[in-house]
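Student: Hey, dropping data_30.txt in here, compact mmCIF, C-alpha atoms and all ligand atoms:
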```
# COMPACT_ATOMS: atom_id res chain seq x y z
CA MET A 852 -23.57 -38.53 1.35
CA SER A 853 -25.60 -39.24 3.98
CA ASP A 854 -24.20 -38.64 6.35
CA ASP A 855 -22.71 -38.22 4.43
CA PRO A 856 -19.73 -36.62 5.26
CA ARG A 857 -20.24 -34.85 2.14
CA ASP A 858 -22.85 -32.79 3.60
CA VAL A 859 -20.68 -30.52 5.21
CA GLY A 860 -22.55 -27.74 3.74
CA ARG A 861 -25.07 -27.67 6.45
CA ARG A 862 -25.05 -25.29 9.35
CA ASP A 863 -24.25 -26.96 12.64
CA PHE A 864 -22.28 -29.80 11.27
CA ILE A 865 -22.49 -32.30 14.03
CA ILE A 866 -20.41 -35.37 14.28
CA ALA A 867 -21.60 -37.56 17.07
CA SER A 868 -19.10 -39.79 18.71
CA LEU A 869 -19.77 -43.47 18.60
CA ALA A 870 -20.05 -43.40 22.34
CA ALA A 871 -22.91 -40.96 22.18
CA ALA A 872 -25.56 -43.49 21.41
CA GLY A 873 -25.82 -47.22 21.70
CA ALA A 874 -27.78 -49.78 19.81
CA SER A 875 -30.44 -49.81 22.46
CA ALA A 876 -30.83 -46.08 22.07
CA ALA A 877 -31.19 -46.46 18.33
CA PHE A 878 -33.97 -48.95 18.67
CA ALA A 879 -35.64 -47.08 21.49
CA VAL A 880 -35.97 -44.16 19.11
CA SER A 881 -37.40 -46.56 16.69
CA ALA A 882 -40.36 -47.39 18.79
CA GLY A 883 -41.26 -43.71 19.01
CA ALA A 884 -40.94 -43.26 15.30
CA ALA A 885 -43.19 -46.21 14.65
CA ASN A 886 -45.87 -44.68 16.81
CA ALA A 887 -45.60 -41.40 15.00
CA GLN A 888 -45.92 -43.24 11.74
CA ASP A 889 -49.03 -45.01 12.92
CA THR A 890 -50.57 -41.67 13.69
CA GLN A 891 -49.68 -40.42 10.26
CA ASP A 892 -51.15 -43.49 8.63
CA ALA A 893 -54.33 -42.94 10.57
CA LEU A 894 -54.54 -39.49 9.04
CA THR A 895 -54.01 -40.98 5.61
CA PRO A 896 -56.28 -44.00 5.39
CA SER A 897 -55.02 -45.05 1.99
CA ALA A 898 -51.44 -45.17 3.17
CA ASP A 899 -51.45 -48.71 4.44
CA ALA A 900 -49.14 -50.27 1.93
CA GLY A 901 -48.32 -53.29 3.98
CA LEU A 902 -51.54 -54.95 2.97
CA GLY A 903 -51.20 -55.13 -0.76
CA THR A 904 -50.18 -53.85 -4.13
CA ALA A 905 -52.17 -51.05 -5.76
CA TYR A 906 -51.94 -50.78 -9.56
CA THR A 907 -53.04 -47.38 -10.84
CA GLY A 908 -54.04 -48.84 -14.23
CA ASP A 909 -51.43 -46.73 -16.01
CA VAL A 910 -48.67 -48.19 -18.13
CA VAL A 911 -45.65 -45.94 -18.74
CA ARG A 912 -43.04 -46.93 -21.31
CA GLY A 913 -44.28 -50.49 -21.06
CA LYS A 914 -44.07 -50.66 -17.27
CA LYS A 915 -47.09 -51.01 -15.01
CA VAL A 916 -47.50 -48.23 -12.46
CA VAL A 917 -48.12 -48.93 -8.78
CA SER A 918 -48.99 -46.56 -5.94
CA ALA A 919 -48.24 -49.22 -3.33
CA LEU A 920 -46.31 -52.46 -3.53
CA ASN A 921 -46.07 -55.69 -1.59
CA VAL A 922 -43.36 -57.76 -3.25
CA ASN A 923 -45.09 -60.93 -2.05
CA ASP A 924 -47.89 -60.18 -4.53
CA LEU A 925 -45.47 -60.62 -7.45
CA ALA A 926 -44.94 -63.96 -9.17
CA PRO A 927 -42.04 -65.90 -7.63
CA GLY A 928 -38.98 -66.96 -9.60
CA GLN A 929 -39.07 -63.87 -11.84
CA LYS A 930 -37.83 -60.33 -12.22
CA HIS A 931 -40.41 -57.55 -12.30
CA PHE A 932 -40.04 -53.97 -13.49
CA LEU A 933 -42.54 -51.37 -12.32
CA TYR A 934 -42.90 -47.64 -11.88
CA PHE A 935 -43.87 -46.35 -8.47
CA GLN A 936 -46.09 -43.27 -8.64
CA GLY A 937 -44.45 -40.53 -6.61
CA VAL A 938 -45.54 -36.99 -5.89
CA GLN A 939 -47.04 -34.76 -8.58
CA MET A 940 -45.22 -32.01 -10.45
CA PRO A 941 -46.79 -28.54 -10.76
CA THR A 942 -48.31 -29.66 -14.08
CA GLY A 943 -50.12 -32.52 -12.37
CA GLN A 944 -47.91 -35.19 -13.92
CA HIS A 945 -46.35 -37.62 -11.49
CA TRP A 946 -42.70 -38.24 -10.80
CA TYR A 947 -42.20 -41.97 -11.37
CA VAL A 948 -39.57 -44.03 -9.61
CA SER A 949 -38.06 -47.14 -11.22
CA VAL A 950 -38.56 -50.31 -9.20
CA ALA A 951 -36.90 -53.62 -10.10
CA VAL A 952 -37.78 -56.70 -8.08
CA ALA A 953 -36.01 -60.08 -8.19
CA ARG A 954 -38.53 -62.30 -6.44
CA GLY A 955 -36.96 -65.60 -5.52
CA ALA A 956 -38.58 -68.94 -6.29
CA LYS A 957 -38.44 -69.75 -2.58
CA PRO A 958 -39.43 -67.55 0.36
CA GLY A 959 -36.79 -65.77 2.41
CA LYS A 960 -35.55 -62.39 3.55
CA ARG A 961 -36.32 -59.20 1.65
CA VAL A 962 -33.48 -56.81 0.94
CA VAL A 963 -34.08 -53.30 -0.41
CA LEU A 964 -31.33 -51.53 -2.38
CA VAL A 965 -31.73 -47.78 -2.90
CA SER A 966 -29.84 -45.23 -4.99
CA GLY A 967 -30.58 -41.84 -6.47
CA VAL A 968 -31.63 -40.09 -3.28
CA HIS A 969 -29.13 -37.52 -4.52
CA GLY A 970 -29.20 -36.77 -8.23
CA ASP A 971 -25.48 -36.60 -9.02
CA GLU A 972 -24.34 -39.93 -7.58
CA MET A 973 -24.14 -42.17 -10.62
CA SER A 974 -21.80 -44.89 -9.30
CA SER A 975 -24.37 -45.74 -6.65
CA VAL A 976 -27.02 -46.28 -9.33
CA HIS A 977 -24.68 -48.47 -11.36
CA THR A 978 -23.75 -50.53 -8.28
CA VAL A 979 -27.40 -51.37 -7.64
CA GLN A 980 -28.08 -52.13 -11.32
CA THR A 981 -25.06 -54.43 -11.47
CA VAL A 982 -26.20 -56.41 -8.44
CA MET A 983 -29.70 -56.79 -9.91
CA ASN A 984 -28.29 -57.96 -13.23
CA GLN A 985 -26.38 -60.74 -11.48
CA LEU A 986 -29.43 -62.18 -9.73
CA GLU A 987 -31.25 -65.30 -10.93
CA PRO A 988 -34.67 -65.35 -9.23
CA ALA A 989 -35.19 -69.06 -10.00
CA GLU A 990 -32.19 -69.78 -7.77
CA MET A 991 -33.06 -67.34 -4.99
CA SER A 992 -34.68 -67.77 -1.57
CA GLY A 993 -36.03 -64.34 -0.77
CA THR A 994 -36.46 -61.07 -2.62
CA VAL A 995 -34.27 -58.15 -3.63
CA MET A 996 -36.00 -54.88 -4.57
CA ALA A 997 -34.04 -52.06 -6.18
CA VAL A 998 -35.07 -48.42 -6.42
CA THR A 999 -32.58 -46.46 -8.48
CA ASP A 1000 -33.96 -42.96 -9.02
CA VAL A 1001 -35.61 -41.75 -5.84
CA SER A 1002 -35.08 -38.06 -6.63
CA SER A 1003 -36.00 -38.02 -10.30
CA PRO A 1004 -36.10 -34.22 -10.61
CA ALA A 1005 -32.58 -33.96 -9.19
CA LEU A 1006 -31.39 -36.66 -11.59
CA GLU A 1007 -32.85 -34.75 -14.53
CA SER A 1008 -30.09 -32.19 -14.12
CA MET A 1009 -27.60 -34.51 -12.37
CA GLN A 1010 -27.54 -32.34 -9.29
CA ARG A 1011 -27.55 -33.25 -5.65
CA ARG A 1012 -30.77 -31.62 -4.54
CA TRP A 1013 -34.42 -31.59 -5.61
CA PRO A 1014 -35.47 -28.33 -7.32
CA ASN A 1015 -38.64 -27.35 -5.56
CA SER A 1016 -40.91 -24.47 -6.54
CA GLY A 1017 -42.98 -24.08 -3.38
CA ARG A 1018 -41.63 -20.67 -2.33
CA GLY A 1019 -39.82 -19.70 -5.48
CA ILE A 1020 -36.77 -21.64 -6.49
CA ASP A 1021 -35.51 -23.84 -3.72
CA LEU A 1022 -33.20 -26.82 -3.58
CA ILE A 1023 -34.10 -29.54 -1.12
CA ASP A 1024 -31.71 -32.24 0.10
CA MET A 1025 -33.81 -35.41 -0.02
CA ASN A 1026 -31.48 -37.08 2.44
CA ARG A 1027 -32.73 -34.83 5.19
CA GLU A 1028 -36.41 -35.62 4.55
CA TRP A 1029 -36.84 -39.21 5.72
CA PRO A 1030 -39.13 -40.84 6.68
CA GLY A 1031 -41.05 -38.10 4.93
CA ASN A 1032 -44.61 -36.99 5.44
CA GLU A 1033 -47.41 -37.72 2.97
CA ASN A 1034 -49.15 -34.59 4.26
CA GLY A 1035 -45.97 -32.51 4.40
CA VAL A 1036 -45.53 -28.90 3.35
CA THR A 1037 -43.19 -29.60 0.44
CA ALA A 1038 -43.48 -31.96 -2.51
CA PRO A 1039 -40.16 -33.68 -1.66
CA SER A 1040 -41.38 -34.38 1.88
CA ARG A 1041 -44.56 -35.92 0.46
CA HIS A 1042 -42.57 -37.88 -2.11
CA ALA A 1043 -40.38 -39.29 0.66
CA GLY A 1044 -43.46 -40.18 2.70
CA LEU A 1045 -45.11 -41.96 -0.22
CA LEU A 1046 -41.99 -43.96 -0.98
CA PHE A 1047 -41.19 -44.83 2.60
CA ASN A 1048 -44.72 -45.83 3.63
CA ARG A 1049 -45.88 -47.58 0.48
CA LEU A 1050 -42.75 -48.98 -1.15
CA LEU A 1051 -39.58 -49.07 0.95
CA ARG A 1052 -40.45 -49.84 4.56
CA PRO A 1053 -43.15 -52.47 3.88
CA ASN A 1054 -40.80 -54.54 1.70
CA ALA A 1055 -37.58 -54.38 3.74
CA ASP A 1056 -36.11 -56.76 6.26
CA VAL A 1057 -32.76 -55.15 5.49
CA ALA A 1058 -31.96 -51.99 3.51
CA ILE A 1059 -28.87 -50.45 1.92
CA ASP A 1060 -28.93 -46.84 0.68
CA PHE A 1061 -26.07 -46.25 -1.77
CA HIS A 1062 -24.42 -42.85 -2.17
CA THR A 1063 -21.22 -41.26 -3.47
CA GLY A 1064 -19.39 -38.05 -2.76
CA THR A 1065 -21.01 -34.92 -4.10
CA THR A 1066 -20.25 -32.61 -7.02
CA GLY A 1067 -16.96 -30.86 -6.25
CA PHE A 1068 -16.05 -33.21 -3.37
CA HIS A 1069 -14.98 -36.81 -3.84
CA VAL A 1070 -14.67 -39.52 -1.23
CA SER A 1071 -12.96 -42.87 -0.79
CA ALA A 1072 -14.81 -46.21 -0.77
CA PHE A 1073 -16.42 -46.59 2.64
CA ASN A 1074 -19.61 -47.41 4.49
CA ILE A 1075 -21.40 -45.18 7.00
CA ALA A 1076 -22.96 -47.39 9.62
CA SER A 1077 -24.03 -47.75 13.22
CA MET A 1078 -21.42 -50.41 13.94
CA ASP A 1079 -22.71 -50.86 17.49
CA VAL A 1080 -25.77 -52.62 16.05
CA PRO A 1081 -24.67 -56.25 15.54
CA GLU A 1082 -26.94 -56.92 12.54
CA ILE A 1083 -25.55 -53.87 10.76
CA LYS A 1084 -21.92 -54.57 11.69
CA ALA A 1085 -22.21 -58.10 10.31
CA MET A 1086 -23.17 -56.74 6.89
CA VAL A 1087 -20.72 -53.84 6.73
CA GLU A 1088 -17.81 -56.17 7.50
CA LEU A 1089 -18.60 -58.06 4.29
CA TYR A 1090 -17.46 -55.16 2.05
CA PRO A 1091 -13.86 -55.31 0.78
CA VAL A 1092 -13.35 -51.55 1.10
CA GLY A 1093 -10.68 -49.50 2.82
CA GLN A 1094 -12.66 -47.49 5.36
CA THR A 1095 -15.69 -47.62 7.64
CA PHE A 1096 -17.25 -44.52 9.15
CA ALA A 1097 -18.73 -45.95 12.34
CA ASN A 1098 -21.12 -43.16 13.16
CA HIS A 1099 -24.84 -42.64 13.68
CA ALA A 1100 -24.86 -39.70 11.26
CA TYR A 1101 -27.78 -37.30 11.13
CA PRO A 1102 -31.51 -37.62 11.67
CA GLY A 1103 -33.47 -37.43 8.44
CA VAL A 1104 -31.17 -39.61 6.36
CA LEU A 1105 -32.81 -42.62 4.72
CA HIS A 1106 -30.72 -45.35 6.31
CA ASN A 1107 -31.47 -43.97 9.76
CA ALA A 1108 -35.20 -43.87 8.96
CA PHE A 1109 -34.97 -47.59 8.25
CA VAL A 1110 -33.06 -48.18 11.49
CA ASP A 1111 -35.65 -46.17 13.38
CA ALA A 1112 -38.30 -48.49 11.91
CA GLY A 1113 -36.38 -51.51 13.25
CA ILE A 1114 -34.84 -52.39 9.87
CA PRO A 1115 -31.03 -52.83 9.85
CA ALA A 1116 -29.58 -50.42 7.28
CA PHE A 1117 -26.41 -48.55 6.33
CA ALA A 1118 -25.04 -46.30 3.59
CA PRO A 1119 -22.17 -47.21 1.27
CA GLU A 1120 -20.24 -44.33 -0.33
CA VAL A 1121 -18.95 -45.21 -3.79
CA GLY A 1122 -16.30 -42.62 -4.60
CA ALA A 1123 -16.82 -39.54 -6.71
CA ALA A 1124 -20.08 -38.03 -7.91
CA ARG A 1125 -21.10 -37.59 -11.57
CA VAL A 1126 -18.98 -40.44 -12.95
CA LEU A 1127 -19.03 -44.23 -13.01
CA ASP A 1128 -16.04 -45.42 -11.01
CA LEU A 1129 -15.64 -48.82 -12.65
CA GLU A 1130 -12.81 -49.82 -10.31
CA MET A 1131 -14.65 -48.99 -7.11
CA ILE A 1132 -18.14 -50.20 -8.07
CA PRO A 1133 -17.12 -53.91 -8.15
CA LEU A 1134 -16.02 -53.68 -4.49
CA PHE A 1135 -19.53 -52.66 -3.49
CA VAL A 1136 -21.15 -55.21 -5.80
CA GLU A 1137 -19.02 -57.95 -4.21
CA GLY A 1138 -19.90 -56.74 -0.71
CA THR A 1139 -23.61 -56.60 -1.52
CA MET A 1140 -23.57 -60.10 -3.00
CA ASN A 1141 -21.88 -61.18 0.26
CA VAL A 1142 -24.75 -59.58 2.18
CA LEU A 1143 -27.30 -61.53 0.10
CA LYS A 1144 -25.35 -64.73 0.89
CA LEU A 1145 -25.29 -63.84 4.59
CA HIS A 1146 -29.08 -63.67 4.54
CA GLY A 1147 -29.45 -66.91 2.59
CA ILE A 1148 -31.00 -65.24 -0.46
CA ILE A 1149 -28.34 -66.49 -2.84
CA ALA A 1150 -25.95 -69.42 -2.50
CA GLY A 1151 -22.22 -69.62 -2.96
CA PRO A 1152 -18.98 -68.87 -1.15
CA MET A 1153 -18.34 -65.45 0.32
CA GLY A 1154 -16.22 -63.11 -1.74
CA ARG A 1155 -13.58 -60.79 -0.33
CA THR A 1156 -14.49 -58.90 2.84
CA SER A 1157 -13.16 -55.99 4.91
CA LYS A 1158 -10.59 -58.35 6.42
CA ASP A 1159 -9.07 -58.77 2.98
CA SER A 1160 -9.03 -55.02 2.39
CA GLY A 1161 -7.51 -54.16 5.79
CA VAL A 1162 -10.30 -51.74 6.61
CA PHE A 1163 -9.62 -48.64 8.73
CA ILE A 1164 -12.51 -47.87 11.05
CA GLY A 1165 -13.04 -44.37 12.41
CA ASN A 1166 -15.91 -42.99 14.47
CA SER A 1167 -15.53 -39.33 13.53
CA ALA A 1168 -14.76 -37.26 10.45
CA LEU A 1169 -12.91 -34.01 10.92
CA PRO A 1170 -13.82 -31.44 8.26
CA ILE A 1171 -11.02 -29.06 7.36
CA LEU A 1172 -12.63 -25.86 6.12
CA ALA A 1173 -11.22 -23.24 3.77
CA ILE A 1174 -10.44 -19.92 5.46
CA GLN A 1175 -9.57 -18.02 2.26
CA GLY A 1176 -10.64 -17.88 -1.33
CA GLY A 1177 -8.21 -19.25 -3.88
CA LEU A 1178 -6.75 -22.23 -5.65
CA VAL A 1179 -6.37 -25.33 -3.51
CA GLU A 1180 -3.53 -27.82 -3.86
CA HIS A 1181 -3.82 -31.05 -1.91
CA LEU A 1182 -0.65 -32.49 -0.41
CA VAL A 1183 -2.18 -35.88 0.44
CA LYS A 1184 -4.38 -38.39 -1.38
CA LEU A 1185 -7.58 -40.23 -0.52
CA ASN A 1186 -6.98 -43.14 1.89
CA GLU A 1187 -3.58 -41.74 2.87
CA LYS A 1188 -2.71 -41.84 6.56
CA VAL A 1189 -2.03 -38.43 8.15
CA GLU A 1190 -0.52 -37.48 11.48
CA ALA A 1191 -1.75 -34.79 13.83
CA GLY A 1192 -0.16 -31.53 12.73
CA GLN A 1193 0.54 -32.75 9.20
CA LYS A 1194 0.05 -30.19 6.44
CA ILE A 1195 -2.56 -31.52 4.03
CA ALA A 1196 -3.26 -28.63 1.63
CA ILE A 1197 -2.18 -25.14 0.64
CA GLN A 1198 -4.08 -22.35 -1.08
CA ARG A 1199 -2.85 -19.61 -3.41
CA ASN A 1200 -4.30 -16.28 -4.46
CA GLY A 1201 -4.33 -14.81 -7.97
CA PHE A 1202 -0.66 -13.85 -7.71
CA GLY A 1203 0.37 -17.37 -6.80
CA GLU A 1204 1.17 -16.35 -3.25
CA VAL A 1205 0.35 -18.93 -0.58
CA VAL A 1206 -2.49 -17.43 1.45
CA ALA A 1207 -3.37 -20.42 3.62
CA GLU A 1208 -1.88 -23.68 4.80
CA TYR A 1209 -4.11 -26.39 6.18
CA THR A 1210 -3.12 -29.01 8.72
CA SER A 1211 -4.97 -31.90 10.27
CA SER A 1212 -5.39 -31.62 14.02
CA VAL A 1213 -5.94 -35.37 14.28
CA ALA A 1214 -4.25 -38.57 13.17
CA GLY A 1215 -6.34 -40.62 10.78
CA GLU A 1216 -6.97 -41.30 7.11
CA VAL A 1217 -8.14 -39.01 4.32
CA ALA A 1218 -11.73 -39.99 3.53
CA GLY A 1219 -12.83 -37.06 1.37
CA GLN A 1220 -11.35 -34.13 -0.55
CA ARG A 1221 -12.62 -31.14 -2.43
CA SER A 1222 -12.15 -31.97 -6.12
CA ASP A 1223 -13.03 -28.53 -7.45
CA ALA A 1224 -9.71 -26.71 -7.31
CA MET A 1225 -11.10 -23.27 -6.49
CA SER A 1226 -12.62 -22.69 -3.08
CA GLU A 1227 -14.23 -19.92 -1.13
CA PRO A 1228 -14.03 -19.63 2.65
CA GLY A 1229 -16.14 -22.13 4.52
CA ASN A 1230 -15.96 -24.96 2.02
CA PRO A 1231 -14.71 -28.26 3.33
CA LEU A 1232 -11.36 -29.06 1.73
CA ALA A 1233 -10.97 -32.49 3.31
CA PHE A 1234 -12.40 -34.97 5.77
CA ILE A 1235 -10.05 -36.86 8.02
CA LEU A 1236 -11.53 -40.11 9.31
CA PHE A 1237 -10.26 -40.69 12.83
CA ASN A 1238 -11.11 -42.17 16.19
CA LYS A 1239 -12.39 -39.77 18.75
CA THR A 1240 -11.46 -41.24 22.07
CA THR A 1241 -12.99 -38.72 24.43
CA ALA A 1242 -16.49 -39.54 25.52
CA GLY A 1243 -18.80 -36.69 24.70
CA ASP A 1244 -22.12 -35.97 23.19
CA ALA A 1245 -21.02 -34.47 19.92
CA GLU A 1246 -18.56 -32.12 18.39
CA ILE A 1247 -19.93 -29.17 16.52
CA TYR A 1248 -17.82 -27.79 13.71
CA PRO A 1249 -18.62 -24.26 12.65
CA GLU A 1250 -18.98 -23.78 8.95
ZN ZN A 1301 -25.84 -38.96 -1.43
```
With the file now loaded, output its structure as C-alpha cells.
Ligand SMILES: [Zn+2]
Tutor:
Amino acid sequence: MSDDPRDVGRRDFIIASLAAAGASAAFAVSAGAANAQDTQDALTPSADAGLGTAYTGDVVRGKKVVSALNVNDLAPGQKHFLYFQGVQMPTGQHWYVSVAVARGAKPGKRVVLVSGVHGDEMSSVHTVQTVMNQLEPAEMSGTVMAVTDVSSPALESMQRRWPNSGRGIDLIDMNREWPGNENGVTAPSRHAGLLFNRLLRPNADVAIDFHTGTTGFHVSAFNIASMDVPEIKAMVELYPVGQTFANHAYPGVLHNAFVDAGIPAFAPEVGAARVLDLEMIPLFVEGTMNVLKLHGIIAGPMGRTSKDSGVFIGNSALPILAIQGGLVEHLVKLNEKVEAGQKIAIQRNGFGEVVAEYTSSVAGEVAGQRSDAMSEPGNPLAFILFNKTTAGDAEIYPE
C-alpha cells in the first residue's frame, strides 16, 4: 500500500489534498533530501554506488552477489541475474535481494521496477516478473532493472511487515523507512539505506514501486501518484485501470523517496494481497510495457491506456472505520460508485442483531474493502476514492 491506502492502520492517518502541494514543492523537497543524502554518504565512504559495481566474490545459488551495482557495467544486449547483499541477520548471514537486469543493446533510459517492499503482495511480484519475461534485451534501447523481494524476511512468512528483533519482537513497515539510513538504528532502516543508495537510486531515471492491498483488506486496480508532476502523470495515464489516486501520500514511502531524489515515480496497486490476480496483473503489465514504449526502451504501438478503461481520478480516500466488533457485510463492491449518505456496510453481533450501519459521507468510488469478515472497532472497512474540493492542508482521520 503505500500510500497505500491500505495503511490505514497507522495513527494519524493523513490524507493530503492534491491542492496541498504542487510539483514545485515536491522537487524543492528533493533538493533538501539530496543534500541530506550527501551528508550521509560522507559518513559512509563506501556508500558511493554511483561509481561502479562491487562484487563481493560470493556466488549464491549460482548467482553472483553484489554490494553495489551500476547497470552500465553489465554486458549490453543481455539479461543478468544477481543477488544484492542486504543487511545482516542476527546470525551474521545476509539477506539477499533478487535483481534482474535487462540491459538493452543500445543506450537509453533506465527504468527500475520494484516489488516485495511488503511481504504479502504477490501480484505485484508477478507483475514485475511478467514484464521482465517479455523483454528482449537485443531489441532494447535502455535498461530495465527489477527487484522483486525487497523485504525478504517479510516474504518468508508472507506477511506485510519485517520481523525485527532489535527490542524484542517488532514488526516494521518497510514502506515507512525510505530512503533508509545505512547507519540507522534498525536493521530494516539500514537495509533500505543500502538498497536505495547502492542499487535503486543510482540506476533509476524512472521508478515504479508495485504494491497490492494488504492481508484482510483488498483494493481495486489503481495507481497512487503525484499527478501534478507532468512526467509522472504521463506514465500513470498509460495504465488501462479503473482508478487513479492522485495524492502525494506519506513521507517514507519508496516512490516518494525516488521523487524526492528527482526521479519520477509512482505506486501501482494490484488488487488483493496473498494471491495472484491473473485478471488484474495483465492490466499492469500492459501499462508498464506502455511506459517502456513512452521512454523509447522498447518499440511497438501503445496498448490500452486509462482512456480505454474510463479511469476515475480522485484526490482523497475516505476511510470508513468500524465502530463495533462483529461480522461485516458489505453492501457495495469494489469500483462501485456511491453517493453521499449511501449505506455501504452493516455489522452484526453474535446474535445476528445489526449493531452498526456504515454510510459514506462522500460521493465517489469504492477503492478498498476489508476482506476479513470479522472486524474490531477501529479497523477500516472501506476506502471511498473521491475528490476533495475544499482547499486545505490535510484531513486527519482518527483511527
Ligand atoms: Zn505494499
Student: Show me which residues sit within 12 Å of ligand ZN 1301 (chain A) when counting all atoms listed in the file, and put them as JSON, numbers by chain.
Tutor: {"A": [852, 853, 854, 855, 856, 857, 858, 859, 965, 966, 967, 968, 969, 970, 971, 972, 973, 974, 975, 976, 1000, 1001, 1002, 1005, 1006, 1009, 1010, 1011, 1012, 1024, 1025, 1026, 1027, 1060, 1061, 1062, 1063, 1064, 1065, 1066, 1068, 1069, 1070, 1075, 1104, 1105, 1106, 1118, 1119, 1120, 1121, 1122, 1123, 1124, 1125]}
Student: Write to file, as a CSV table (one decimal), in the frame of the given file, the residues of the selection just made, with C-alpha atoms.
Tutor:
```csv
chain,number,residue,atom,x,y,z
A,852,MET,CA,-23.6,-38.5,1.4
A,853,SER,CA,-25.6,-39.2,4.0
A,854,ASP,CA,-24.2,-38.6,6.4
A,855,ASP,CA,-22.7,-38.2,4.4
A,856,PRO,CA,-19.7,-36.6,5.3
A,857,ARG,CA,-20.2,-34.8,2.1
A,858,ASP,CA,-22.8,-32.8,3.6
A,859,VAL,CA,-20.7,-30.5,5.2
A,965,VAL,CA,-31.7,-47.8,-2.9
A,966,SER,CA,-29.8,-45.2,-5.0
A,967,GLY,CA,-30.6,-41.8,-6.5
A,968,VAL,CA,-31.6,-40.1,-3.3
A,969,HIS,CA,-29.1,-37.5,-4.5
A,970,GLY,CA,-29.2,-36.8,-8.2
A,971,ASP,CA,-25.5,-36.6,-9.0
A,972,GLU,CA,-24.3,-39.9,-7.6
A,973,MET,CA,-24.1,-42.2,-10.6
A,974,SER,CA,-21.8,-44.9,-9.3
A,975,SER,CA,-24.4,-45.7,-6.6
A,976,VAL,CA,-27.0,-46.3,-9.3
A,1000,ASP,CA,-34.0,-43.0,-9.0
A,1001,VAL,CA,-35.6,-41.8,-5.8
A,1002,SER,CA,-35.1,-38.1,-6.6
A,1005,ALA,CA,-32.6,-34.0,-9.2
A,1006,LEU,CA,-31.4,-36.7,-11.6
A,1009,MET,CA,-27.6,-34.5,-12.4
A,1010,GLN,CA,-27.5,-32.3,-9.3
A,1011,ARG,CA,-27.6,-33.2,-5.6
A,1012,ARG,CA,-30.8,-31.6,-4.5
A,1024,ASP,CA,-31.7,-32.2,0.1
A,1025,MET,CA,-33.8,-35.4,0.0
A,1026,ASN,CA,-31.5,-37.1,2.4
A,1027,ARG,CA,-32.7,-34.8,5.2
A,1060,ASP,CA,-28.9,-46.8,0.7
A,1061,PHE,CA,-26.1,-46.2,-1.8
A,1062,HIS,CA,-24.4,-42.8,-2.2
A,1063,THR,CA,-21.2,-41.3,-3.5
A,1064,GLY,CA,-19.4,-38.0,-2.8
A,1065,THR,CA,-21.0,-34.9,-4.1
A,1066,THR,CA,-20.2,-32.6,-7.0
A,1068,PHE,CA,-16.0,-33.2,-3.4
A,1069,HIS,CA,-15.0,-36.8,-3.8
A,1070,VAL,CA,-14.7,-39.5,-1.2
A,1075,ILE,CA,-21.4,-45.2,7.0
A,1104,VAL,CA,-31.2,-39.6,6.4
A,1105,LEU,CA,-32.8,-42.6,4.7
A,1106,HIS,CA,-30.7,-45.4,6.3
A,1118,ALA,CA,-25.0,-46.3,3.6
A,1119,PRO,CA,-22.2,-47.2,1.3
A,1120,GLU,CA,-20.2,-44.3,-0.3
A,1121,VAL,CA,-19.0,-45.2,-3.8
A,1122,GLY,CA,-16.3,-42.6,-4.6
A,1123,ALA,CA,-16.8,-39.5,-6.7
A,1124,ALA,CA,-20.1,-38.0,-7.9
A,1125,ARG,CA,-21.1,-37.6,-11.6
```
Student: At what distance in Å, to one decimal, does atom CA of A:Val1110 lie from atom CA of A:Arg1155?
Tutor: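 Atom CA of A:Arg1155 sits 26.0 Å away from atom CA of A:Val1110.
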Student: Work out how far atom CA of A:Gly1067 is from atom CA of A:Gly1229, in Å to one decimal.
Tutor: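 Separation of atom CA of A:Gly1229 and atom CA of A:Gly1067: 13.9 Å.
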Student: As a list in words, please: the residues near stretch 1093-1101 of chain A (cut-off 6 Å, all atoms listed in the file, same-chain neighbours under 6 positions excluded).
Tutor: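 That gives Asp854, Leu869, Phe1073, Asn1074, Ile1075, Ala1076, Ser1077, Met1078, Ser1160, Val1162, Phe1163, Ile1164, Gly1165 and Asn1166 of chain A.
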Student: Which residues are near A:Lys1184? Cut-off 12 Å, all atoms listed in the file, ignore same chain within fewer than 4 positions. Put them as an NGL selection string.
Tutor: :A and (1069-1071 or 1180 or 1188-1189 or 1195-1196 or 1216-1222 or 1233-1235)
Student: Write the residues of the preceding selection, restricted to C-alpha atoms, as a JSON list (two decimals), in the coordinates of the input.
Tutor:
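result-v2.json written:
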```json
[["chain", "number", "residue", "atom", "x", "y", "z"],
["A", 1069, "HIS", "CA", -14.98, -36.81, -3.84],
["A", 1070, "VAL", "CA", -14.67, -39.52, -1.23],
["A", 1071, "SER", "CA", -12.96, -42.87, -0.79],
["A", 1180, "GLU", "CA", -3.53, -27.82, -3.86],
["A", 1188, "LYS", "CA", -2.71, -41.84, 6.56],
["A", 1189, "VAL", "CA", -2.03, -38.43, 8.15],
["A", 1195, "ILE", "CA", -2.56, -31.52, 4.03],
["A", 1196, "ALA", "CA", -3.26, -28.63, 1.63],
["A", 1216, "GLU", "CA", -6.97, -41.30, 7.11],
["A", 1217, "VAL", "CA", -8.14, -39.01, 4.32],
["A", 1218, "ALA", "CA", -11.73, -39.99, 3.53],
["A", 1219, "GLY", "CA", -12.83, -37.06, 1.37],
["A", 1220, "GLN", "CA", -11.35, -34.13, -0.55],
["A", 1221, "ARG", "CA", -12.62, -31.14, -2.43],
["A", 1222, "SER", "CA", -12.15, -31.97, -6.12],
["A", 1233, "ALA", "CA", -10.97, -32.49, 3.31],
["A", 1234, "PHE", "CA", -12.40, -34.97, 5.77],
["A", 1235, "ILE", "CA", -10.05, -36.86, 8.02]]
```
Student: Give as a compact mmCIF listing (two decimals) with C-alpha atoms, in the coordinates of the input every residue, naming chains and numbers as the document does, that has an atom within 6 Å of (-37.2, -68.6, -5.9), counting only C-alpha atoms.
Tutor:
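Saved as out28.txt:
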```txt
# COMPACT_ATOMS: atom_id res chain seq x y z
CA PRO A 927 -42.04 -65.90 -7.63
CA GLY A 928 -38.98 -66.96 -9.60
CA GLY A 955 -36.96 -65.60 -5.52
CA ALA A 956 -38.58 -68.94 -6.29
CA LYS A 957 -38.44 -69.75 -2.58
CA PRO A 988 -34.67 -65.35 -9.23
CA ALA A 989 -35.19 -69.06 -10.00
CA GLU A 990 -32.19 -69.78 -7.77
CA MET A 991 -33.06 -67.34 -4.99
CA SER A 992 -34.68 -67.77 -1.57
```
Student: Where's the centre, and what are the edge lengths in Å to one decimal, of a box along x, y and z enclosing all listed atoms of stretch 948-966 of chain A padded 5 Å per side, as lines of an AutoDock Vina configuration file?
Tutor:
```
center_x = -34.7
center_y = -56.9
center_z = -3.8
size_x = 19.7
size_y = 35.7
size_z = 24.8
```
